[in-house]
file coords-v3.pdb (PDB, C-alpha atoms and all ligand atoms)
ATOM      1  CA  MET H   5      -2.957 -99.557  80.995  1.00  0.00           C
ATOM      2  CA  SER H   6      -3.983-102.412  78.754  1.00  0.00           C
ATOM      3  CA  ILE H   7      -4.759-102.640  75.066  1.00  0.00           C
ATOM      4  CA  GLU H   8      -8.245-101.380  74.333  1.00  0.00           C
ATOM      5  CA  ILE H   9     -10.479-100.215  71.505  1.00  0.00           C
ATOM      6  CA  ARG H  10     -11.734 -96.703  72.083  1.00  0.00           C
ATOM      7  CA  PRO H  11     -13.241 -93.886  69.987  1.00  0.00           C
ATOM      8  CA  TYR H  12     -10.837 -91.810  67.917  1.00  0.00           C
ATOM      9  CA  ARG H  13      -9.823 -88.457  69.406  1.00  0.00           C
ATOM     10  CA  PRO H  14      -8.354 -85.477  67.521  1.00  0.00           C
ATOM     11  CA  ASP H  15      -5.055 -85.936  69.364  1.00  0.00           C
ATOM     12  CA  ASP H  16      -4.742 -89.402  67.736  1.00  0.00           C
ATOM     13  CA  ARG H  17      -4.281 -87.748  64.355  1.00  0.00           C
ATOM     14  CA  ALA H  18      -0.466 -87.968  64.132  1.00  0.00           C
ATOM     15  CA  ALA H  19      -0.416 -91.602  65.277  1.00  0.00           C
ATOM     16  CA  VAL H  20      -3.204 -92.562  62.875  1.00  0.00           C
ATOM     17  CA  TYR H  21      -1.477 -90.846  59.948  1.00  0.00           C
ATOM     18  CA  ASP H  22       1.738 -92.670  60.863  1.00  0.00           C
ATOM     19  CA  ILE H  23      -0.034 -96.060  60.988  1.00  0.00           C
ATOM     20  CA  CYS H  24      -1.645 -95.316  57.626  1.00  0.00           C
ATOM     21  CA  ILE H  25       1.628 -94.692  55.795  1.00  0.00           C
ATOM     22  CA  ARG H  26       3.441 -97.541  57.611  1.00  0.00           C
ATOM     23  CA  THR H  27       0.874-100.037  56.285  1.00  0.00           C
ATOM     24  CA  ALA H  28       0.141 -98.491  52.865  1.00  0.00           C
ATOM     25  CA  ASP H  29       2.248-100.624  50.536  1.00  0.00           C
ATOM     26  CA  ALA H  30      -0.048-103.648  50.321  1.00  0.00           C
ATOM     27  CA  GLY H  31       0.096-103.811  54.108  1.00  0.00           C
ATOM     28  CA  GLN H  32       3.803-102.950  54.340  1.00  0.00           C
ATOM     29  CA  ASP H  33       5.675 -99.750  55.151  1.00  0.00           C
ATOM     30  CA  ALA H  34       5.372 -97.155  52.375  1.00  0.00           C
ATOM     31  CA  ARG H  35       7.239 -94.263  54.010  1.00  0.00           C
ATOM     32  CA  ASP H  36      10.145 -94.464  51.550  1.00  0.00           C
ATOM     33  CA  GLN H  37       7.802 -94.220  48.541  1.00  0.00           C
ATOM     34  CA  TYR H  38       6.401 -90.724  49.076  1.00  0.00           C
ATOM     35  CA  ARG H  39       8.117 -87.361  49.319  1.00  0.00           C
ATOM     36  CA  ASP H  40       5.287 -86.208  51.570  1.00  0.00           C
ATOM     37  CA  PRO H  41       4.202 -88.985  53.959  1.00  0.00           C
ATOM     38  CA  ASP H  42       0.925 -87.195  54.735  1.00  0.00           C
ATOM     39  CA  VAL H  43      -0.486 -87.214  51.210  1.00  0.00           C
ATOM     40  CA  LEU H  44      -1.825 -90.739  51.553  1.00  0.00           C
ATOM     41  CA  PRO H  45      -3.413 -90.405  55.026  1.00  0.00           C
ATOM     42  CA  GLU H  46      -5.057 -87.190  53.835  1.00  0.00           C
ATOM     43  CA  ILE H  47      -7.107 -89.459  51.531  1.00  0.00           C
ATOM     44  CA  PHE H  48      -7.511 -92.695  53.463  1.00  0.00           C
ATOM     45  CA  ALA H  49      -7.557 -91.624  57.129  1.00  0.00           C
ATOM     46  CA  GLY H  50      -8.087 -87.900  57.759  1.00  0.00           C
ATOM     47  CA  PRO H  51     -11.400 -87.409  55.967  1.00  0.00           C
ATOM     48  CA  TYR H  52     -12.998 -90.344  57.762  1.00  0.00           C
ATOM     49  CA  ALA H  53     -11.911 -89.149  61.196  1.00  0.00           C
ATOM     50  CA  HIS H  54     -13.080 -85.635  60.345  1.00  0.00           C
ATOM     51  CA  LEU H  55     -16.383 -86.413  58.604  1.00  0.00           C
ATOM     52  CA  GLU H  56     -17.409 -89.667  60.315  1.00  0.00           C
ATOM     53  CA  PRO H  57     -16.165 -89.459  63.935  1.00  0.00           C
ATOM     54  CA  ASP H  58     -18.799 -91.869  65.271  1.00  0.00           C
ATOM     55  CA  LEU H  59     -17.345 -94.596  63.016  1.00  0.00           C
ATOM     56  CA  ALA H  60     -13.711 -93.897  63.956  1.00  0.00           C
ATOM     57  CA  PHE H  61     -12.060 -96.209  66.480  1.00  0.00           C
ATOM     58  CA  VAL H  62      -8.471 -96.817  67.484  1.00  0.00           C
ATOM     59  CA  LEU H  63      -6.724 -99.761  69.049  1.00  0.00           C
ATOM     60  CA  ALA H  64      -4.784 -98.106  71.868  1.00  0.00           C
ATOM     61  CA  ASP H  65      -1.813 -99.444  73.823  1.00  0.00           C
ATOM     62  CA  ASP H  66      -1.231 -97.322  76.905  1.00  0.00           C
ATOM     63  CA  ASP H  67      -3.560 -94.836  75.230  1.00  0.00           C
ATOM     64  CA  ARG H  68      -1.318 -94.586  72.101  1.00  0.00           C
ATOM     65  CA  ALA H  69      -3.083 -95.456  68.861  1.00  0.00           C
ATOM     66  CA  VAL H  70      -1.477 -98.536  67.299  1.00  0.00           C
ATOM     67  CA  GLY H  71      -4.286 -99.419  64.915  1.00  0.00           C
ATOM     68  CA  TYR H  72      -7.597 -98.092  63.651  1.00  0.00           C
ATOM     69  CA  VAL H  73     -10.798 -98.747  61.827  1.00  0.00           C
ATOM     70  CA  LEU H  74     -12.276 -95.800  59.926  1.00  0.00           C
ATOM     71  CA  GLY H  75     -15.131 -95.628  57.478  1.00  0.00           C
ATOM     72  CA  THR H  76     -18.527 -94.404  56.504  1.00  0.00           C
ATOM     73  CA  ALA H  77     -22.067 -95.746  56.689  1.00  0.00           C
ATOM     74  CA  ASP H  78     -22.996 -94.110  53.385  1.00  0.00           C
ATOM     75  CA  THR H  79     -20.343 -93.998  50.669  1.00  0.00           C
ATOM     76  CA  ALA H  80     -22.337 -91.741  48.316  1.00  0.00           C
ATOM     77  CA  ARG H  81     -22.920 -89.146  51.031  1.00  0.00           C
ATOM     78  CA  PHE H  82     -19.294 -89.426  52.110  1.00  0.00           C
ATOM     79  CA  VAL H  83     -18.107 -88.742  48.548  1.00  0.00           C
ATOM     80  CA  ALA H  84     -20.219 -85.589  48.377  1.00  0.00           C
ATOM     81  CA  ARG H  85     -18.948 -84.360  51.741  1.00  0.00           C
ATOM     82  CA  PHE H  86     -15.361 -85.279  50.796  1.00  0.00           C
ATOM     83  CA  ARG H  87     -15.634 -82.913  47.847  1.00  0.00           C
ATOM     84  CA  ASP H  88     -17.585 -80.163  49.596  1.00  0.00           C
ATOM     85  CA  GLU H  89     -16.069 -80.217  53.081  1.00  0.00           C
ATOM     86  CA  TRP H  90     -12.749 -82.082  53.058  1.00  0.00           C
ATOM     87  CA  LEU H  91     -11.105 -80.930  49.842  1.00  0.00           C
ATOM     88  CA  PRO H  92     -11.330 -77.246  50.819  1.00  0.00           C
ATOM     89  CA  LEU H  93      -9.313 -78.071  53.958  1.00  0.00           C
ATOM     90  CA  VAL H  94      -6.420 -79.726  52.110  1.00  0.00           C
ATOM     91  CA  SER H  95      -6.389 -78.244  48.610  1.00  0.00           C
ATOM     92  CA  ALA H  96      -4.001 -75.416  49.460  1.00  0.00           C
ATOM     93  CA  ARG H  97      -1.383 -77.951  50.540  1.00  0.00           C
ATOM     94  CA  TYR H  98      -2.259 -80.426  47.755  1.00  0.00           C
ATOM     95  CA  PRO H  99      -3.546 -78.439  44.783  1.00  0.00           C
ATOM     96  CA  ALA H 100      -5.112 -80.237  41.825  1.00  0.00           C
ATOM     97  CA  ARG H 101      -2.681 -80.549  38.929  1.00  0.00           C
ATOM     98  CA  ASP H 102      -3.136 -80.698  35.181  1.00  0.00           C
ATOM     99  CA  GLY H 103      -1.813 -83.621  33.162  1.00  0.00           C
ATOM    100  CA  ALA H 104      -1.411 -87.282  33.907  1.00  0.00           C
ATOM    101  CA  PRO H 105       0.104 -88.016  37.338  1.00  0.00           C
ATOM    102  CA  THR H 106       3.465 -89.780  37.201  1.00  0.00           C
ATOM    103  CA  THR H 107       5.134 -89.861  40.631  1.00  0.00           C
ATOM    104  CA  PRO H 108       3.577 -91.701  43.613  1.00  0.00           C
ATOM    105  CA  ASP H 109       2.838 -88.347  45.277  1.00  0.00           C
ATOM    106  CA  GLU H 110       1.145 -87.048  42.123  1.00  0.00           C
ATOM    107  CA  ILE H 111      -0.945 -90.197  41.842  1.00  0.00           C
ATOM    108  CA  MET H 112      -2.163 -89.672  45.417  1.00  0.00           C
ATOM    109  CA  VAL H 113      -2.976 -86.001  44.766  1.00  0.00           C
ATOM    110  CA  HIS H 114      -5.018 -87.168  41.777  1.00  0.00           C
ATOM    111  CA  LEU H 115      -6.911 -89.667  43.990  1.00  0.00           C
ATOM    112  CA  LEU H 116      -7.464 -86.920  46.552  1.00  0.00           C
ATOM    113  CA  HIS H 117      -9.149 -84.757  43.940  1.00  0.00           C
ATOM    114  CA  THR H 118     -11.323 -87.539  42.486  1.00  0.00           C
ATOM    115  CA  PRO H 119     -13.437 -88.866  45.377  1.00  0.00           C
ATOM    116  CA  GLU H 120     -16.137 -89.854  42.863  1.00  0.00           C
ATOM    117  CA  ARG H 121     -13.935 -92.857  41.967  1.00  0.00           C
ATOM    118  CA  MET H 122     -15.510 -94.418  45.106  1.00  0.00           C
ATOM    119  CA  LEU H 123     -18.934 -94.468  43.431  1.00  0.00           C
ATOM    120  CA  VAL H 124     -18.900 -97.933  41.889  1.00  0.00           C
ATOM    121  CA  PRO H 125     -22.368 -99.085  40.740  1.00  0.00           C
ATOM    122  CA  GLU H 126     -21.796-102.721  41.726  1.00  0.00           C
ATOM    123  CA  LEU H 127     -21.220-101.581  45.332  1.00  0.00           C
ATOM    124  CA  ALA H 128     -24.558 -99.804  45.672  1.00  0.00           C
ATOM    125  CA  ASP H 129     -26.009-102.617  47.802  1.00  0.00           C
ATOM    126  CA  TYR H 130     -23.029-102.321  50.195  1.00  0.00           C
ATOM    127  CA  PRO H 131     -23.339 -98.645  51.152  1.00  0.00           C
ATOM    128  CA  ALA H 132     -20.832 -98.579  54.012  1.00  0.00           C
ATOM    129  CA  HIS H 133     -17.090 -99.031  53.624  1.00  0.00           C
ATOM    130  CA  LEU H 134     -14.112 -99.161  55.952  1.00  0.00           C
ATOM    131  CA  HIS H 135     -10.337 -98.954  56.201  1.00  0.00           C
ATOM    132  CA  ILE H 136      -8.473-100.953  58.829  1.00  0.00           C
ATOM    133  CA  ASP H 137      -4.760-100.919  59.636  1.00  0.00           C
ATOM    134  CA  LEU H 138      -2.687-102.124  62.575  1.00  0.00           C
ATOM    135  CA  LEU H 139       1.021-101.676  63.272  1.00  0.00           C
ATOM    136  CA  PRO H 140       2.933-104.928  62.697  1.00  0.00           C
ATOM    137  CA  ASP H 141       3.468-105.693  66.417  1.00  0.00           C
ATOM    138  CA  TYR H 142      -0.309-105.745  66.912  1.00  0.00           C
ATOM    139  CA  GLN H 143      -1.330-107.900  63.962  1.00  0.00           C
ATOM    140  CA  ARG H 144      -2.569-111.495  64.163  1.00  0.00           C
ATOM    141  CA  ALA H 145      -3.779-111.181  67.760  1.00  0.00           C
ATOM    142  CA  GLY H 146      -7.496-110.821  67.142  1.00  0.00           C
ATOM    143  CA  HIS H 147      -7.533-107.000  67.268  1.00  0.00           C
ATOM    144  CA  GLY H 148      -8.500-106.621  63.611  1.00  0.00           C
ATOM    145  CA  ARG H 149     -11.530-108.839  64.090  1.00  0.00           C
ATOM    146  CA  ARG H 150     -12.559-106.855  67.188  1.00  0.00           C
ATOM    147  CA  LEU H 151     -12.134-103.538  65.355  1.00  0.00           C
ATOM    148  CA  VAL H 152     -14.375-104.699  62.501  1.00  0.00           C
ATOM    149  CA  GLU H 153     -16.936-105.983  65.028  1.00  0.00           C
ATOM    150  CA  THR H 154     -16.881-102.580  66.742  1.00  0.00           C
ATOM    151  CA  PHE H 155     -17.455-100.817  63.414  1.00  0.00           C
ATOM    152  CA  VAL H 156     -20.223-103.228  62.428  1.00  0.00           C
ATOM    153  CA  ALA H 157     -22.019-102.715  65.753  1.00  0.00           C
ATOM    154  CA  VAL H 158     -22.310 -98.991  64.962  1.00  0.00           C
ATOM    155  CA  LEU H 159     -23.549 -99.766  61.444  1.00  0.00           C
ATOM    156  CA  ARG H 160     -26.254-102.008  62.881  1.00  0.00           C
ATOM    157  CA  ARG H 161     -27.355 -99.261  65.283  1.00  0.00           C
ATOM    158  CA  LYS H 162     -27.634 -96.970  62.261  1.00  0.00           C
ATOM    159  CA  GLY H 163     -29.693 -99.594  60.422  1.00  0.00           C
ATOM    160  CA  VAL H 164     -27.021-100.206  57.784  1.00  0.00           C
ATOM    161  CA  ARG H 165     -26.845-103.873  56.802  1.00  0.00           C
ATOM    162  CA  ALA H 166     -23.975-104.166  54.323  1.00  0.00           C
ATOM    163  CA  LEU H 167     -20.466-102.809  53.810  1.00  0.00           C
ATOM    164  CA  HIS H 168     -17.604-103.166  51.384  1.00  0.00           C
ATOM    165  CA  VAL H 169     -13.827-102.959  51.394  1.00  0.00           C
ATOM    166  CA  GLY H 170     -11.598-102.078  48.460  1.00  0.00           C
ATOM    167  CA  MET H 171      -8.541-104.209  49.141  1.00  0.00           C
ATOM    168  CA  VAL H 172      -5.356-103.820  47.114  1.00  0.00           C
ATOM    169  CA  THR H 173      -5.223-107.175  45.353  1.00  0.00           C
ATOM    170  CA  ALA H 174      -1.468-107.390  45.945  1.00  0.00           C
ATOM    171  CA  ASN H 175      -2.113-107.362  49.702  1.00  0.00           C
ATOM    172  CA  ARG H 176      -2.175-111.157  49.929  1.00  0.00           C
ATOM    173  CA  PRO H 177      -2.084-111.443  53.760  1.00  0.00           C
ATOM    174  CA  ALA H 178      -5.211-109.290  54.108  1.00  0.00           C
ATOM    175  CA  ARG H 179      -7.374-111.552  51.990  1.00  0.00           C
ATOM    176  CA  PRO H 180      -7.570-114.503  54.451  1.00  0.00           C
ATOM    177  CA  PHE H 181      -8.430-111.993  57.171  1.00  0.00           C
ATOM    178  CA  TYR H 182     -11.492-110.804  55.276  1.00  0.00           C
ATOM    179  CA  ASP H 183     -12.347-114.382  54.288  1.00  0.00           C
ATOM    180  CA  ARG H 184     -12.330-115.447  57.960  1.00  0.00           C
ATOM    181  CA  LEU H 185     -14.655-112.557  58.797  1.00  0.00           C
ATOM    182  CA  GLY H 186     -17.144-113.702  56.175  1.00  0.00           C
ATOM    183  CA  PHE H 187     -16.541-111.195  53.376  1.00  0.00           C
ATOM    184  CA  HIS H 188     -17.148-112.348  49.799  1.00  0.00           C
ATOM    185  CA  VAL H 189     -15.880-111.041  46.465  1.00  0.00           C
ATOM    186  CA  ILE H 190     -18.089-108.486  44.685  1.00  0.00           C
ATOM    187  CA  ASP H 191     -17.667-108.744  40.951  1.00  0.00           C
ATOM    188  CA  VAL H 192     -16.697-105.336  39.579  1.00  0.00           C
ATOM    189  CA  PRO H 193     -15.657-104.921  35.934  1.00  0.00           C
ATOM    190  CA  ASP H 194     -12.296-103.182  35.606  1.00  0.00           C
ATOM    191  CA  PRO H 195     -11.550-103.020  39.340  1.00  0.00           C
ATOM    192  CA  GLY H 196      -8.042-101.695  38.717  1.00  0.00           C
ATOM    193  CA  PRO H 197      -5.601-102.689  41.473  1.00  0.00           C
ATOM    194  CA  LEU H 198      -8.428-103.454  43.916  1.00  0.00           C
ATOM    195  CA  THR H 199     -10.451-106.471  44.896  1.00  0.00           C
ATOM    196  CA  TYR H 200     -13.857-105.466  46.236  1.00  0.00           C
ATOM    197  CA  LEU H 201     -15.177-107.519  49.132  1.00  0.00           C
ATOM    198  CA  GLY H 202     -18.632-107.302  50.679  1.00  0.00           C
ATOM    199  CA  LEU H 203     -20.199-108.280  53.980  1.00  0.00           C
ATOM    200  CA  THR H 204     -23.848-108.375  54.989  1.00  0.00           C
ATOM    201  CA  VAL H 205     -24.255-107.722  58.709  1.00  0.00           C
TER     202      VAL H 205
HETATM  203  C1  LIG I 301      -5.155-107.123  57.822  1.00  0.00           C
HETATM  204  C2  LIG I 301      -5.279-106.782  59.291  1.00  0.00           C
HETATM  205  C3  LIG I 301      -6.213-105.594  59.488  1.00  0.00           C
HETATM  206  C4  LIG I 301      -5.883-107.989  60.028  1.00  0.00           C
HETATM  207  O1  LIG I 301      -5.989-107.703  61.390  1.00  0.00           O
HETATM  208  P1  LIG I 301      -5.363-108.734  62.442  1.00  0.00           P
HETATM  209  O2  LIG I 301      -5.555-108.182  63.787  1.00  0.00           O
HETATM  210  O3  LIG I 301      -3.978-109.027  62.024  1.00  0.00           O
HETATM  211  O4  LIG I 301      -6.275-110.001  62.224  1.00  0.00           O
HETATM  212  P2  LIG I 301      -6.934-110.918  63.381  1.00  0.00           P
HETATM  213  O5  LIG I 301      -5.838-111.378  64.290  1.00  0.00           O
HETATM  214  O6  LIG I 301      -8.065-110.201  64.003  1.00  0.00           O
HETATM  215  O7  LIG I 301      -7.445-112.138  62.507  1.00  0.00           O
HETATM  216  C5  LIG I 301      -8.837-112.464  62.333  1.00  0.00           C
HETATM  217  C6  LIG I 301      -8.912-113.806  61.651  1.00  0.00           C
HETATM  218  O8  LIG I 301      -8.262-113.733  60.379  1.00  0.00           O
HETATM  219  C7  LIG I 301      -7.201-114.675  60.313  1.00  0.00           C
HETATM  220  N1  LIG I 301      -6.069-114.036  59.646  1.00  0.00           N
HETATM  221  C8  LIG I 301      -5.645-112.771  59.762  1.00  0.00           C
HETATM  222  N2  LIG I 301      -4.570-112.571  58.993  1.00  0.00           N
HETATM  223  C9  LIG I 301      -4.326-113.752  58.389  1.00  0.00           C
HETATM  224  C10 LIG I 301      -3.318-114.190  57.481  1.00  0.00           C
HETATM  225  N3  LIG I 301      -2.343-113.356  57.044  1.00  0.00           N
HETATM  226  N4  LIG I 301      -3.353-115.466  57.069  1.00  0.00           N
HETATM  227  C11 LIG I 301      -4.303-116.316  57.493  1.00  0.00           C
HETATM  228  N5  LIG I 301      -5.296-115.963  58.365  1.00  0.00           N
HETATM  229  C12 LIG I 301      -5.282-114.678  58.804  1.00  0.00           C
HETATM  230  C13 LIG I 301      -6.840-114.975  61.757  1.00  0.00           C
HETATM  231  O9  LIG I 301      -6.244-116.243  61.870  1.00  0.00           O
HETATM  232  C14 LIG I 301      -8.179-114.872  62.445  1.00  0.00           C
HETATM  233  O10 LIG I 301      -8.917-116.057  62.274  1.00  0.00           O
HETATM  234  P3  LIG I 301      -9.899-116.578  63.450  1.00  0.00           P
HETATM  235  O11 LIG I 301     -10.425-115.361  64.164  1.00  0.00           O
HETATM  236  O12 LIG I 301     -10.954-117.322  62.716  1.00  0.00           O
HETATM  237  O13 LIG I 301      -9.043-117.404  64.334  1.00  0.00           O
HETATM  238  C15 LIG I 301      -3.918-106.459  59.923  1.00  0.00           C
HETATM  239  O14 LIG I 301      -3.086-107.584  59.841  1.00  0.00           O
HETATM  240  C16 LIG I 301      -3.211-105.266  59.289  1.00  0.00           C
HETATM  241  O15 LIG I 301      -3.438-104.136  59.699  1.00  0.00           O
HETATM  242  N6  LIG I 301      -2.351-105.516  58.281  1.00  0.00           N
HETATM  243  C17 LIG I 301      -1.574-104.440  57.637  1.00  0.00           C
HETATM  244  C18 LIG I 301      -2.438-103.396  56.958  1.00  0.00           C
HETATM  245  C19 LIG I 301      -3.468-104.006  56.052  1.00  0.00           C
HETATM  246  O16 LIG I 301      -3.156-104.876  55.255  1.00  0.00           O
HETATM  247  N7  LIG I 301      -4.713-103.524  56.174  1.00  0.00           N
HETATM  248  C20 LIG I 301      -5.820-103.974  55.344  1.00  0.00           C
HETATM  249  C21 LIG I 301      -5.896-103.177  54.115  1.00  0.00           C
HETATM  250  S1  LIG I 301      -7.239-103.686  53.059  1.00  0.00           S
END
call {"tool": "encode", "arguments": {"input": "coords-v3.pdb", "output": "structure tokens", "more": "lines below"}}
Ligand SMILES: CC(C)(COP(=O)(O)OP(=O)(O)OC[C@H]1O[C@@H](n2cnc3c(N)ncnc32)[C@H](O)[C@@H]1OP(=O)(O)O)[C@@H](O)C(=O)NCCC(=O)NCCS
result
Amino acid sequence: MSIEIRPYRPDDRAAVYDICIRTADAGQDARDQYRDPDVLPEIFAGPYAHLEPDLAFVLADDDRAVGYVLGTADTARFVARFRDEWLPLVSARYPARDGAPTTPDEIMVHLLHTPERMLVPELADYPAHLHIDLLPDYQRAGHGRRLVETFVAVLRRKGVRALHVGMVTANRPARPFYDRLGFHVIDVPDPGPLTYLGLTV
């Protein structure tokens, strides 16, 4: 079987979660930084696959997921559904805590419980957003471009004409990728560790 892009299936979950944590430290492996390696994919992968299955695609090698693009066509609606539908599924395992988070796991639990952080006024004209990650052996071979094109084709069918990405600014190799695909910087005051990039499609 060859390498192909296909829709996400529920049995891809473990592979997708693994890809997410292996690429989570500004594009590098973050497995040694978290006590619970699932806490991060429960924010940045699981809810998209669960809530937005028609925008979930994997790059598969012999049917095994080795990369993915996940996202939403409507960030505001996604945030509401994240709170109402996703958090109830994961809150028992990752309860909200009082006090300022200190450890990497606590910081992720805080992000999990604050989906409204995704509602950035300057991004209102770019209602869709995506996350894309490939295992190292599959990078720089054109698959990332094809995954974004696949995602964008669905957006167009839905009549959505603009999307954004919140890229960790420290992820220097990712920036030329988005530049080559035509993304531009969206000026956001106090963007924290992120650079926001937008694309009109
Ligand atoms: C970033 C990432 C998604 C890019 O996907 P990819 O498959 O490696 O990129 P592609 O091979 O499709 O590259 C598309 C274009 O970007 C360019 N490009 C990609 N990475 C580049 C880099 N590090 N430096 C310079 N150009 C780069 C390619 O040369 C190509 O240009 P062309 O099509 O005009 O010839 C992938 O490398 C990845 O998953 N990295 C680790 C996780 C990550 O950082 N995810 C993004 C989080 S915001």
call {"tool": "residues_around", "arguments": {"input": "coords-v3.pdb", "residues": "Leu55 (chain H)", "least_positions_apart": "4", "cutoff": "9 Å", "atoms": "all atoms listed in the file", "output": "PyMOL selection string"}}
result
chain H and resi 50-51+76+82+85-86+89-90
call {"tool": "atom_distance", "arguments": {"input": "coords-v3.pdb", "atom1": "atom N7 of ligand LIG 301 (chain I)", "atom2": "CA of Asp137 (chain H)"}}
result
4.3 Å
call {"tool": "residues_near_point", "arguments": {"input": "coords-v3.pdb", "point": "(-1.0, -94.7, 64.1)", "cutoff": "6 Å", "atoms": "all atoms listed in the file", "output": "compact mmCIF listing (two decimals) with C-alpha atoms, keeping the file's coordinate frame"}}
result
# COMPACT_ATOMS: atom_id res chain seq x y z
CA ALA H 19 -0.42 -91.60 65.28
CA VAL H 20 -3.20 -92.56 62.88
CA TYR H 21 -1.48 -90.85 59.95
CA ASP H 22 1.74 -92.67 60.86
CA ILE H 23 -0.03 -96.06 60.99
CA ALA H 69 -3.08 -95.46 68.86
CA VAL H 70 -1.48 -98.54 67.30
CA GLY H 71 -4.29 -99.42 64.92
call {"tool": "resolve_selection", "arguments": {"input": "coords-v3.pdb", "expression": "the PyMOL selection byres (((chain H and resi 205) around 7) and not hetatm)", "output": "list in words"}}
result
Arg165, Ala166, Leu203 and Thr204 of chain H
call {"tool": "residues_around", "arguments": {"input": "coords-v3.pdb", "residues": "Lys162 (chain H)", "least_positions_apart": "3", "cutoff": "8 Å", "atoms": "only C-alpha atoms", "output": "count of residues only"}}
result
3
call {"tool": "closest_residue", "arguments": {"input": "coords-v3.pdb", "among": "H:Ala18, H:Leu201, H:Val164, H:Leu127", "to": "ligand LIG 301 (chain I)", "atoms": "only C-alpha atoms and all ligand atoms"}}
result
H:Leu201
call {"tool": "closest_residue", "arguments": {"input": "coords-v3.pdb", "among": "H:Leu123, H:Val113, H:Ala53, H:Leu185", "to": "Pro14 (chain H)", "atoms": "all atoms listed in the file"}}
result
H:Ala53
call {"tool": "residues_near_ligand", "arguments": {"input": "coords-v3.pdb", "ligand": "ligand LIG 301 (chain I)", "cutoff": "7 Å", "atoms": "all atoms listed in the file", "output": "PyMOL selection string"}}
result
chain H and resi 27-28+30-32+135-140+142-150+169-172+175+177-178+180-182+184-185
call {"tool": "residues_near_point", "arguments": {"input": "coords-v3.pdb", "point": "(-23.5, -99.0, 50.9)", "cutoff": "8 Å", "atoms": "all atoms listed in the file", "output": "count of residues only"}}
result
15
call {"tool": "resolve_selection", "arguments": {"input": "coords-v3.pdb", "expression": "the PyMOL selection byres (((chain H and resi 118) around 10) and not hetatm)", "output": "ChimeraX atom specification"}}
result
/H:83,86-87,91,100,112-117,119-122
call {"tool": "closest_residue", "arguments": {"input": "coords-v3.pdb", "among": "H:Phe155, H:Tyr200, H:Phe187, H:Tyr98", "to": "Ile47 (chain H)", "atoms": "only C-alpha atoms"}}
result
H:Tyr98
call {"tool": "closest_residue", "arguments": {"input": "coords-v3.pdb", "among": "H:Gly186, H:Gly163, H:Pro125, H:Pro108", "to": "Arg35 (chain H)", "atoms": "only C-alpha atoms"}}
result
H:Pro108
call {"tool": "closest_residue", "arguments": {"input": "coords-v3.pdb", "among": "H:Ala49, H:Cys24, H:Ala60, H:Ile190", "to": "Glu126 (chain H)", "atoms": "only C-alpha atoms"}}
result
H:Ile190
call {"tool": "atom_distance", "arguments": {"input": "coords-v3.pdb", "atom1": "CA of Arg26 (chain H)", "atom2": "CA of Val189 (chain H)"}}
result
26.1 Å
call {"tool": "atom_distance", "arguments": {"input": "coords-v3.pdb", "atom1": "CA of His54 (chain H)", "atom2": "CA of Glu8 (chain H)"}}
result
21.6 Å
